[in-house]
Amino acid sequence: MRTLRLLAVGWYFQFKAILRSPFEGLFQVIYPLFFATVAFLMFRAGTDQKTLLYASLGAAVMGMWSATSTTAAGAMQRERWHGTLEALVASPPHFSLILLPITLAMSTVGVYCLVATLLFGRFLFGIDLTFEHPLLFVLSIVGTVISFGALGFLFAVTFVRFRAAWALGNLFEYPVWLIGGFLVPLVLLPDWVRPISWALAPTWGMNAIRESSLGGTPLPDLAICLALGAAYLTIGILVLERVLTAARKRAALSLT
Amino acid sequence: MTSLRIFAVGGLISFRALFHWLSPSIYIPSLIVAPLFQILLFAYIGRSAGLASDEFYVVGNAIQYAAIPCLFAMTNIVGGEKFQQTLGAILVSPAPRLPLFFGRAVPVVVNGAFVAAVALLAGTIVLGVDIPASAAPSLAVVILVAAFSCTGLGLITAALALRIRETAVLTNVLFGFLLIFTGANIPLDDLPGWMQNVSDVLPFTHAIAAARELADGASLTSVLDLIGEELLIGLVFAFLGYWLLRFFELQGRRHSTLDRS
């Protein structure tokens, strides 16, 4: 119960803090709209205009990923710059229980991106939204947010030794948009790319959201999405243990 | 001679000092790999939407991505000095402002052109786009003019950095506008009329059109009008930016707000 309370309070505190930041809050909601606009205009001008709803959902999840990738990759470094990393690591709870709510809060901002993009497409481009399975649609979003947060957690601990962790996080923005099948069906990509797509929770989260909206069976996709999220979390905790042990040995925790 | 020295030496030192952090660990992911993935993303969306050829997206996005180095670097010319608390020392100096600011813009133009050229080359190779080798010198000219034009817009954002705090948000938003309006990914004819009017006065629009014609085998002389328009847009933005820099500098002195970050 104490662990759950820590996660919930940490998430709420971090979420409020992010919303006060013009870059991590407001900008992360606005920025994907530019890419969504380009995608809408491209699909509208293209040969198959029936794909606009497909594009709308894809662009919406693109925003969710944007809100996570860059900011989460630099999450540990941000604490280091603020001078709070040592205090957080030294506190009694395991550091993963402190870091995970941070990346989860970042991925939660993605829900704003999702809603903003869907409404943007609806009112500016007249894209009719259909939700065949409304409850499963909401569940798919929650599952996707959790798995994005878990992937962000893995990024945060993996990139901590890189001084420019944000740049690496930024680097993963376009590739995941591409190979996650957000706007491009996976069948169009080269065969060797598909196994990489399958290892990414965003691919399955996107499938679940699309299937629950357009009609289909989202639950298997959602289950795989959450399972991958759990795997990222487990790997992240193992990496974090190693990183913290090494940092303590070398007294290098606060070094930038 | 002093002005020339401020222009050349000052510009180079400023660029190196402000971007000492631009190490390979940042430069390669942000300015070499990211533009390639932007090209791939839009080329595949284009295939999915059945809109245009791969060449269309390679040329459009390679040139448009020069906005990142040009806008960010120019904005940091002022924003970075403010952050490091060196802006006051610079602006209190008697150095003439024209060589001071324009000298800082030259390395930015060169860097922006380099980023666009590498992206064009990489995109061409990865997607197997066929661009005649004879077009390379002409494309280099167009890319250089495009980088100059966007750096002109960057001077405006540099001026705004004297007044606003969130310059990263501003430059990213401008990047987004350029992505939509310049025809990098959507043929200009498919844009609504008002958007076409806006795109006519933005950096990159004419350069991208010229580069696409060159990639299709046109000669440099046949696109001189487009290059001229791009150059003119760059000059207008550059002098507007310079005027704004002077204006905000005077305002900053008057209200004692130069170092307010």
# chains A, B, ... in the order shown; residues from 1 in each chain; ligands from 1
>>> residues_around(residues="segment 50-60 of chain B", least_positions_apart="2", cutoff="7 Å", atoms="only C-alpha atoms", output="mmCIF file with C-alpha atoms, in the first residue's frame")
data_model
loop_
_atom_site.group_PDB
_atom_site.id
_atom_site.type_symbol
_atom_site.label_atom_id
_atom_site.label_comp_id
_atom_site.auth_asym_id
_atom_site.auth_seq_id
_atom_site.Cartn_x
_atom_site.Cartn_y
_atom_site.Cartn_z
ATOM 1 C CA MET A 42 -0.862 14.491 -47.072
ATOM 2 C CA ALA A 45 -4.282 15.165 -50.927
ATOM 3 C CA GLY A 46 -3.410 11.523 -51.530
ATOM 4 C CA THR A 47 -5.259 8.874 -53.466
ATOM 5 C CA ILE B 39 12.994 11.955 -44.627
ATOM 6 C CA PHE B 42 7.554 11.332 -44.680
ATOM 7 C CA ALA B 43 8.667 9.259 -47.653
ATOM 8 C CA GLY B 46 3.873 9.587 -48.858
ATOM 9 C CA ARG B 47 3.945 6.013 -50.140
ATOM 10 C CA SER B 48 1.087 5.114 -47.803
ATOM 11 C CA ALA B 62 16.625 17.585 -46.412
ATOM 12 C CA ILE B 63 16.389 21.305 -47.100
ATOM 13 C CA GLN B 64 13.647 21.957 -44.553
ATOM 14 C CA LEU B 120 20.130 15.016 -49.009
ATOM 15 C CA GLY B 123 18.304 10.224 -48.075
ATOM 16 C CA THR B 124 19.249 9.730 -51.710
ATOM 17 C CA VAL B 129 16.629 8.111 -55.347
ATOM 18 C CA ALA B 184 8.466 20.088 -48.069
ATOM 19 C CA ASN B 185 5.862 17.331 -47.783
ATOM 20 C CA ILE B 208 12.820 23.455 -52.280
ATOM 21 C CA ALA B 211 16.091 21.917 -55.795
ATOM 22 C CA ARG B 212 13.310 19.625 -57.036
#
>>> interface_residues(of="chain B", to="chain A", cutoff="8 Å", atoms="only C-alpha atoms", output="PyMOL selection string")
chain B and resi 25-26+29-30+33-34+37-38+40-41+44-46+48-51+166+168-169+172-173+176-177+179-180+185-186+190-191
>>> write_last_selection(atoms="N, CA and C atoms", output="PDB file, in the first residue's frame")
ATOM      1  N   SER B  25      28.408  13.722 -29.808  1.00  0.00           N
ATOM      2  CA  SER B  25      27.306  12.962 -29.181  1.00  0.00           C
ATOM      3  C   SER B  25      25.967  13.679 -29.318  1.00  0.00           C
ATOM      4  N   ILE B  26      26.000  14.979 -29.562  1.00  0.00           N
ATOM      5  CA  ILE B  26      24.753  15.705 -29.819  1.00  0.00           C
ATOM      6  C   ILE B  26      24.580  15.931 -31.323  1.00  0.00           C
ATOM      7  N   PRO B  29      23.375  12.533 -33.474  1.00  0.00           N
ATOM      8  CA  PRO B  29      21.950  12.170 -33.397  1.00  0.00           C
ATOM      9  C   PRO B  29      21.013  13.280 -33.854  1.00  0.00           C
ATOM     10  N   SER B  30      21.336  14.532 -33.499  1.00  0.00           N
ATOM     11  CA  SER B  30      20.382  15.621 -33.754  1.00  0.00           C
ATOM     12  C   SER B  30      20.443  16.143 -35.182  1.00  0.00           C
ATOM     13  N   VAL B  33      21.513  12.066 -37.972  1.00  0.00           N
ATOM     14  CA  VAL B  33      20.600  10.917 -38.017  1.00  0.00           C
ATOM     15  C   VAL B  33      19.135  11.362 -38.066  1.00  0.00           C
ATOM     16  N   ALA B  34      18.775  12.351 -37.228  1.00  0.00           N
ATOM     17  CA  ALA B  34      17.361  12.779 -37.154  1.00  0.00           C
ATOM     18  C   ALA B  34      16.805  13.237 -38.510  1.00  0.00           C
ATOM     19  N   PHE B  37      15.842  10.283 -40.577  1.00  0.00           N
ATOM     20  CA  PHE B  37      14.589   9.638 -40.165  1.00  0.00           C
ATOM     21  C   PHE B  37      13.366  10.498 -40.504  1.00  0.00           C
ATOM     22  N   GLN B  38      13.558  11.818 -40.495  1.00  0.00           N
ATOM     23  CA  GLN B  38      12.438  12.669 -40.928  1.00  0.00           C
ATOM     24  C   GLN B  38      12.123  12.387 -42.406  1.00  0.00           C
ATOM     25  N   LEU B  40      12.774   9.595 -44.039  1.00  0.00           N
ATOM     26  CA  LEU B  40      12.184   8.252 -44.162  1.00  0.00           C
ATOM     27  C   LEU B  40      10.715   8.270 -43.731  1.00  0.00           C
ATOM     28  N   LEU B  41      10.441   8.963 -42.611  1.00  0.00           N
ATOM     29  CA  LEU B  41       9.058   9.004 -42.112  1.00  0.00           C
ATOM     30  C   LEU B  41       8.123   9.559 -43.180  1.00  0.00           C
ATOM     31  N   TYR B  44       7.739   7.410 -46.378  1.00  0.00           N
ATOM     32  CA  TYR B  44       6.845   6.252 -46.207  1.00  0.00           C
ATOM     33  C   TYR B  44       5.384   6.693 -46.039  1.00  0.00           C
ATOM     34  N   ILE B  45       5.165   7.827 -45.356  1.00  0.00           N
ATOM     35  CA  ILE B  45       3.779   8.332 -45.277  1.00  0.00           C
ATOM     36  C   ILE B  45       3.307   8.668 -46.692  1.00  0.00           C
ATOM     37  N   GLY B  46       4.211   9.247 -47.472  1.00  0.00           N
ATOM     38  CA  GLY B  46       3.873   9.587 -48.858  1.00  0.00           C
ATOM     39  C   GLY B  46       3.518   8.352 -49.668  1.00  0.00           C
ATOM     40  N   SER B  48       2.344   5.601 -48.347  1.00  0.00           N
ATOM     41  CA  SER B  48       1.087   5.114 -47.803  1.00  0.00           C
ATOM     42  C   SER B  48      -0.094   5.932 -48.328  1.00  0.00           C
ATOM     43  N   ALA B  49       0.107   7.254 -48.431  1.00  0.00           N
ATOM     44  CA  ALA B  49      -0.975   8.127 -48.896  1.00  0.00           C
ATOM     45  C   ALA B  49      -1.060   8.159 -50.416  1.00  0.00           C
ATOM     46  N   GLY B  50      -0.045   7.629 -51.083  1.00  0.00           N
ATOM     47  CA  GLY B  50      -0.016   7.632 -52.550  1.00  0.00           C
ATOM     48  C   GLY B  50       0.050   9.038 -53.113  1.00  0.00           C
ATOM     49  N   LEU B  51       0.903   9.858 -52.497  1.00  0.00           N
ATOM     50  CA  LEU B  51       0.905  11.278 -52.852  1.00  0.00           C
ATOM     51  C   LEU B  51       2.009  11.667 -53.833  1.00  0.00           C
ATOM     52  N   GLU B 166      11.267  31.553 -23.370  1.00  0.00           N
ATOM     53  CA  GLU B 166      11.178  30.197 -23.914  1.00  0.00           C
ATOM     54  C   GLU B 166      11.554  30.162 -25.399  1.00  0.00           C
ATOM     55  N   ALA B 168      13.373  27.980 -26.945  1.00  0.00           N
ATOM     56  CA  ALA B 168      13.322  26.627 -27.515  1.00  0.00           C
ATOM     57  C   ALA B 168      11.929  26.335 -28.056  1.00  0.00           C
ATOM     58  N   VAL B 169      10.917  26.799 -27.322  1.00  0.00           N
ATOM     59  CA  VAL B 169       9.532  26.600 -27.777  1.00  0.00           C
ATOM     60  C   VAL B 169       9.303  27.379 -29.062  1.00  0.00           C
ATOM     61  N   ASN B 172      11.086  25.760 -32.094  1.00  0.00           N
ATOM     62  CA  ASN B 172      10.430  24.506 -32.485  1.00  0.00           C
ATOM     63  C   ASN B 172       9.104  24.762 -33.185  1.00  0.00           C
ATOM     64  N   VAL B 173       8.376  25.763 -32.698  1.00  0.00           N
ATOM     65  CA  VAL B 173       7.093  26.101 -33.325  1.00  0.00           C
ATOM     66  C   VAL B 173       7.334  26.609 -34.752  1.00  0.00           C
ATOM     67  N   GLY B 176       7.950  23.800 -36.984  1.00  0.00           N
ATOM     68  CA  GLY B 176       6.682  23.151 -37.335  1.00  0.00           C
ATOM     69  C   GLY B 176       5.959  23.883 -38.451  1.00  0.00           C
ATOM     70  N   PHE B 177       5.929  25.218 -38.363  1.00  0.00           N
ATOM     71  CA  PHE B 177       5.277  26.008 -39.420  1.00  0.00           C
ATOM     72  C   PHE B 177       5.975  25.793 -40.763  1.00  0.00           C
ATOM     73  N   LEU B 179       7.574  23.221 -41.671  1.00  0.00           N
ATOM     74  CA  LEU B 179       7.285  21.860 -42.122  1.00  0.00           C
ATOM     75  C   LEU B 179       5.968  21.804 -42.894  1.00  0.00           C
ATOM     76  N   ILE B 180       5.005  22.597 -42.441  1.00  0.00           N
ATOM     77  CA  ILE B 180       3.679  22.576 -43.074  1.00  0.00           C
ATOM     78  C   ILE B 180       3.641  23.437 -44.334  1.00  0.00           C
ATOM     79  N   ASN B 185       6.553  18.627 -47.767  1.00  0.00           N
ATOM     80  CA  ASN B 185       5.862  17.331 -47.783  1.00  0.00           C
ATOM     81  C   ASN B 185       4.528  17.331 -48.516  1.00  0.00           C
ATOM     82  N   ILE B 186       3.967  18.515 -48.692  1.00  0.00           N
ATOM     83  CA  ILE B 186       2.676  18.604 -49.387  1.00  0.00           C
ATOM     84  C   ILE B 186       2.885  19.490 -50.621  1.00  0.00           C
ATOM     85  N   ASP B 190      -1.697  21.598 -53.502  1.00  0.00           N
ATOM     86  CA  ASP B 190      -2.689  20.924 -52.671  1.00  0.00           C
ATOM     87  C   ASP B 190      -2.985  21.678 -51.380  1.00  0.00           C
ATOM     88  N   LEU B 191      -2.263  22.771 -51.149  1.00  0.00           N
ATOM     89  CA  LEU B 191      -2.526  23.568 -49.952  1.00  0.00           C
ATOM     90  C   LEU B 191      -3.656  24.550 -50.243  1.00  0.00           C
TER      91      LEU B 191
END
>>> select_by_dssp(residues="segment 101-150 of chain B", states="alpha helix (DSSP H)", output="PyMOL selection string")
chain B and resi 101-127+136-150
>>> write_last_selection(atoms="N, CA and C atoms", output="compact mmCIF listing (two decimals), in the first residue's frame")
# COMPACT_ATOMS: atom_id res chain seq x y z
N PHE B 101 26.54 41.16 -35.36
CA PHE B 101 25.47 40.16 -35.48
C PHE B 101 25.59 39.34 -36.77
N PHE B 102 25.94 39.99 -37.87
CA PHE B 102 26.01 39.24 -39.13
C PHE B 102 27.23 38.31 -39.16
N GLY B 103 28.30 38.69 -38.47
CA GLY B 103 29.46 37.81 -38.36
C GLY B 103 29.09 36.52 -37.67
N ARG B 104 28.22 36.64 -36.69
CA ARG B 104 27.76 35.44 -35.96
C ARG B 104 26.85 34.56 -36.82
N ALA B 105 26.29 35.16 -37.86
CA ALA B 105 25.36 34.40 -38.71
C ALA B 105 26.09 33.52 -39.74
N VAL B 106 27.32 33.91 -40.12
CA VAL B 106 28.00 33.18 -41.21
C VAL B 106 28.25 31.70 -40.88
N PRO B 107 28.83 31.39 -39.71
CA PRO B 107 29.03 29.96 -39.40
C PRO B 107 27.70 29.20 -39.33
N VAL B 108 26.66 29.90 -38.94
CA VAL B 108 25.34 29.26 -38.85
C VAL B 108 24.86 28.85 -40.25
N VAL B 109 25.05 29.74 -41.22
CA VAL B 109 24.65 29.44 -42.60
C VAL B 109 25.43 28.22 -43.11
N VAL B 110 26.74 28.22 -42.87
CA VAL B 110 27.58 27.12 -43.36
C VAL B 110 27.15 25.80 -42.72
N ASN B 111 26.92 25.85 -41.40
CA ASN B 111 26.52 24.63 -40.70
C ASN B 111 25.15 24.13 -41.19
N GLY B 112 24.23 25.06 -41.38
CA GLY B 112 22.88 24.68 -41.86
C GLY B 112 22.96 24.04 -43.23
N ALA B 113 23.78 24.62 -44.11
CA ALA B 113 23.94 24.06 -45.46
C ALA B 113 24.56 22.67 -45.40
N PHE B 114 25.52 22.50 -44.48
CA PHE B 114 26.17 21.19 -44.35
C PHE B 114 25.16 20.13 -43.91
N VAL B 115 24.35 20.48 -42.92
CA VAL B 115 23.34 19.54 -42.41
C VAL B 115 22.37 19.13 -43.54
N ALA B 116 21.92 20.12 -44.31
CA ALA B 116 20.97 19.83 -45.40
C ALA B 116 21.63 18.96 -46.48
N ALA B 117 22.89 19.27 -46.79
CA ALA B 117 23.59 18.52 -47.84
C ALA B 117 23.79 17.06 -47.43
N VAL B 118 24.19 16.85 -46.17
CA VAL B 118 24.38 15.48 -45.68
C VAL B 118 23.06 14.72 -45.70
N ALA B 119 21.99 15.40 -45.27
CA ALA B 119 20.67 14.75 -45.26
C ALA B 119 20.24 14.38 -46.68
N LEU B 120 20.50 15.28 -47.61
CA LEU B 120 20.13 15.02 -49.01
C LEU B 120 20.89 13.80 -49.54
N LEU B 121 22.18 13.78 -49.24
CA LEU B 121 23.01 12.67 -49.72
C LEU B 121 22.56 11.35 -49.07
N ALA B 122 22.36 11.38 -47.75
CA ALA B 122 21.97 10.16 -47.04
C ALA B 122 20.60 9.67 -47.51
N GLY B 123 19.66 10.60 -47.63
CA GLY B 123 18.30 10.22 -48.07
C GLY B 123 18.32 9.63 -49.47
N THR B 124 19.14 10.22 -50.34
CA THR B 124 19.25 9.73 -51.71
C THR B 124 19.77 8.30 -51.74
N ILE B 125 20.79 8.05 -50.91
CA ILE B 125 21.40 6.71 -50.90
C ILE B 125 20.43 5.69 -50.30
N VAL B 126 19.86 6.03 -49.13
CA VAL B 126 19.02 5.05 -48.42
C VAL B 126 17.76 4.70 -49.21
N LEU B 127 17.15 5.70 -49.83
CA LEU B 127 15.90 5.43 -50.55
C LEU B 127 16.14 5.13 -52.04
N ALA B 136 24.83 18.25 -58.61
CA ALA B 136 25.37 18.50 -57.27
C ALA B 136 25.82 19.95 -57.05
N PRO B 137 26.63 20.54 -57.97
CA PRO B 137 27.05 21.94 -57.71
C PRO B 137 25.86 22.90 -57.63
N SER B 138 24.90 22.72 -58.52
CA SER B 138 23.72 23.62 -58.50
C SER B 138 22.92 23.41 -57.21
N LEU B 139 22.78 22.15 -56.79
CA LEU B 139 22.06 21.88 -55.54
C LEU B 139 22.79 22.51 -54.35
N ALA B 140 24.13 22.50 -54.41
CA ALA B 140 24.91 23.11 -53.32
C ALA B 140 24.60 24.61 -53.23
N VAL B 141 24.47 25.25 -54.38
CA VAL B 141 24.15 26.69 -54.38
C VAL B 141 22.77 26.91 -53.76
N VAL B 142 21.80 26.11 -54.18
CA VAL B 142 20.43 26.26 -53.67
C VAL B 142 20.39 26.02 -52.15
N ILE B 143 21.11 24.99 -51.71
CA ILE B 143 21.12 24.68 -50.27
C ILE B 143 21.73 25.83 -49.47
N LEU B 144 22.80 26.39 -50.01
CA LEU B 144 23.46 27.51 -49.33
C LEU B 144 22.51 28.72 -49.23
N VAL B 145 21.80 28.99 -50.30
CA VAL B 145 20.85 30.11 -50.30
C VAL B 145 19.71 29.82 -49.32
N ALA B 146 19.25 28.56 -49.29
CA ALA B 146 18.17 28.18 -48.36
C ALA B 146 18.62 28.38 -46.91
N ALA B 147 19.86 27.96 -46.61
CA ALA B 147 20.37 28.12 -45.24
C ALA B 147 20.50 29.60 -44.89
N PHE B 148 20.92 30.40 -45.86
CA PHE B 148 21.02 31.85 -45.63
C PHE B 148 19.64 32.44 -45.33
N SER B 149 18.68 32.03 -46.14
CA SER B 149 17.32 32.55 -46.00
C SER B 149 16.75 32.23 -44.62
N CYS B 150 16.95 30.99 -44.16
CA CYS B 150 16.41 30.59 -42.86
C CYS B 150 17.18 31.26 -41.72
>>> residues_around(residues="segment 217-229 of chain B", least_positions_apart="2", cutoff="8 Å", atoms="only C-alpha atoms", output="PDB file with C-alpha atoms, in the first residue's frame")
ATOM      1  CA  ILE B 131      19.601  12.464 -58.733  1.00  0.00           C
ATOM      2  CA  PRO B 132      22.110  13.224 -61.499  1.00  0.00           C
ATOM      3  CA  ALA B 135      23.184  18.558 -60.398  1.00  0.00           C
ATOM      4  CA  SER B 138      23.720  23.617 -58.500  1.00  0.00           C
ATOM      5  CA  VAL B 142      20.432  26.257 -53.666  1.00  0.00           C
ATOM      6  CA  VAL B 145      20.847  30.113 -50.300  1.00  0.00           C
ATOM      7  CA  HIS B 206      11.443  28.606 -53.383  1.00  0.00           C
ATOM      8  CA  ALA B 207      14.661  26.772 -52.576  1.00  0.00           C
ATOM      9  CA  ALA B 209      11.021  24.098 -55.574  1.00  0.00           C
ATOM     10  CA  ALA B 210      14.340  24.972 -57.250  1.00  0.00           C
ATOM     11  CA  GLU B 213      13.671  21.025 -60.545  1.00  0.00           C
ATOM     12  CA  LEU B 214      17.447  20.585 -60.398  1.00  0.00           C
ATOM     13  CA  ALA B 215      17.017  17.006 -59.178  1.00  0.00           C
ATOM     14  CA  LEU B 231      17.667  35.168 -51.576  1.00  0.00           C
ATOM     15  CA  LEU B 232      15.395  38.193 -51.452  1.00  0.00           C
ATOM     16  CA  ILE B 233      13.273  36.613 -48.701  1.00  0.00           C
TER      17      ILE B 233
END
>>> atom_distance(atom1="atom CA of His82 of chain A", atom2="atom CA of Thr167 of chain B")
20.4 Å
>>> decode(residues="segment 172-186 of chain A", atoms="C-alpha atoms", output="PDB file, in the first residue's frame")
ATOM      1  CA  PHE A 172      14.132   7.938 -30.990  1.00  0.00           C
ATOM      2  CA  GLU A 173      11.167  10.176 -31.778  1.00  0.00           C
ATOM      3  CA  TYR A 174      11.066   9.735 -35.568  1.00  0.00           C
ATOM      4  CA  PRO A 175      12.095   6.049 -35.702  1.00  0.00           C
ATOM      5  CA  VAL A 176       9.343   4.952 -33.307  1.00  0.00           C
ATOM      6  CA  TRP A 177       6.811   7.072 -35.211  1.00  0.00           C
ATOM      7  CA  LEU A 178       7.907   5.237 -38.334  1.00  0.00           C
ATOM      8  CA  ILE A 179       8.337   1.642 -37.252  1.00  0.00           C
ATOM      9  CA  GLY A 180       5.546   1.740 -34.647  1.00  0.00           C
ATOM     10  CA  GLY A 181       3.075   1.803 -37.521  1.00  0.00           C
ATOM     11  CA  PHE A 182       1.516   5.080 -36.383  1.00  0.00           C
ATOM     12  CA  LEU A 183       0.995   6.466 -39.877  1.00  0.00           C
ATOM     13  CA  VAL A 184       2.620   3.855 -42.068  1.00  0.00           C
ATOM     14  CA  PRO A 185       1.251   0.290 -42.215  1.00  0.00           C
ATOM     15  CA  LEU A 186       3.979  -2.129 -41.170  1.00  0.00           C
TER      16      LEU A 186
END
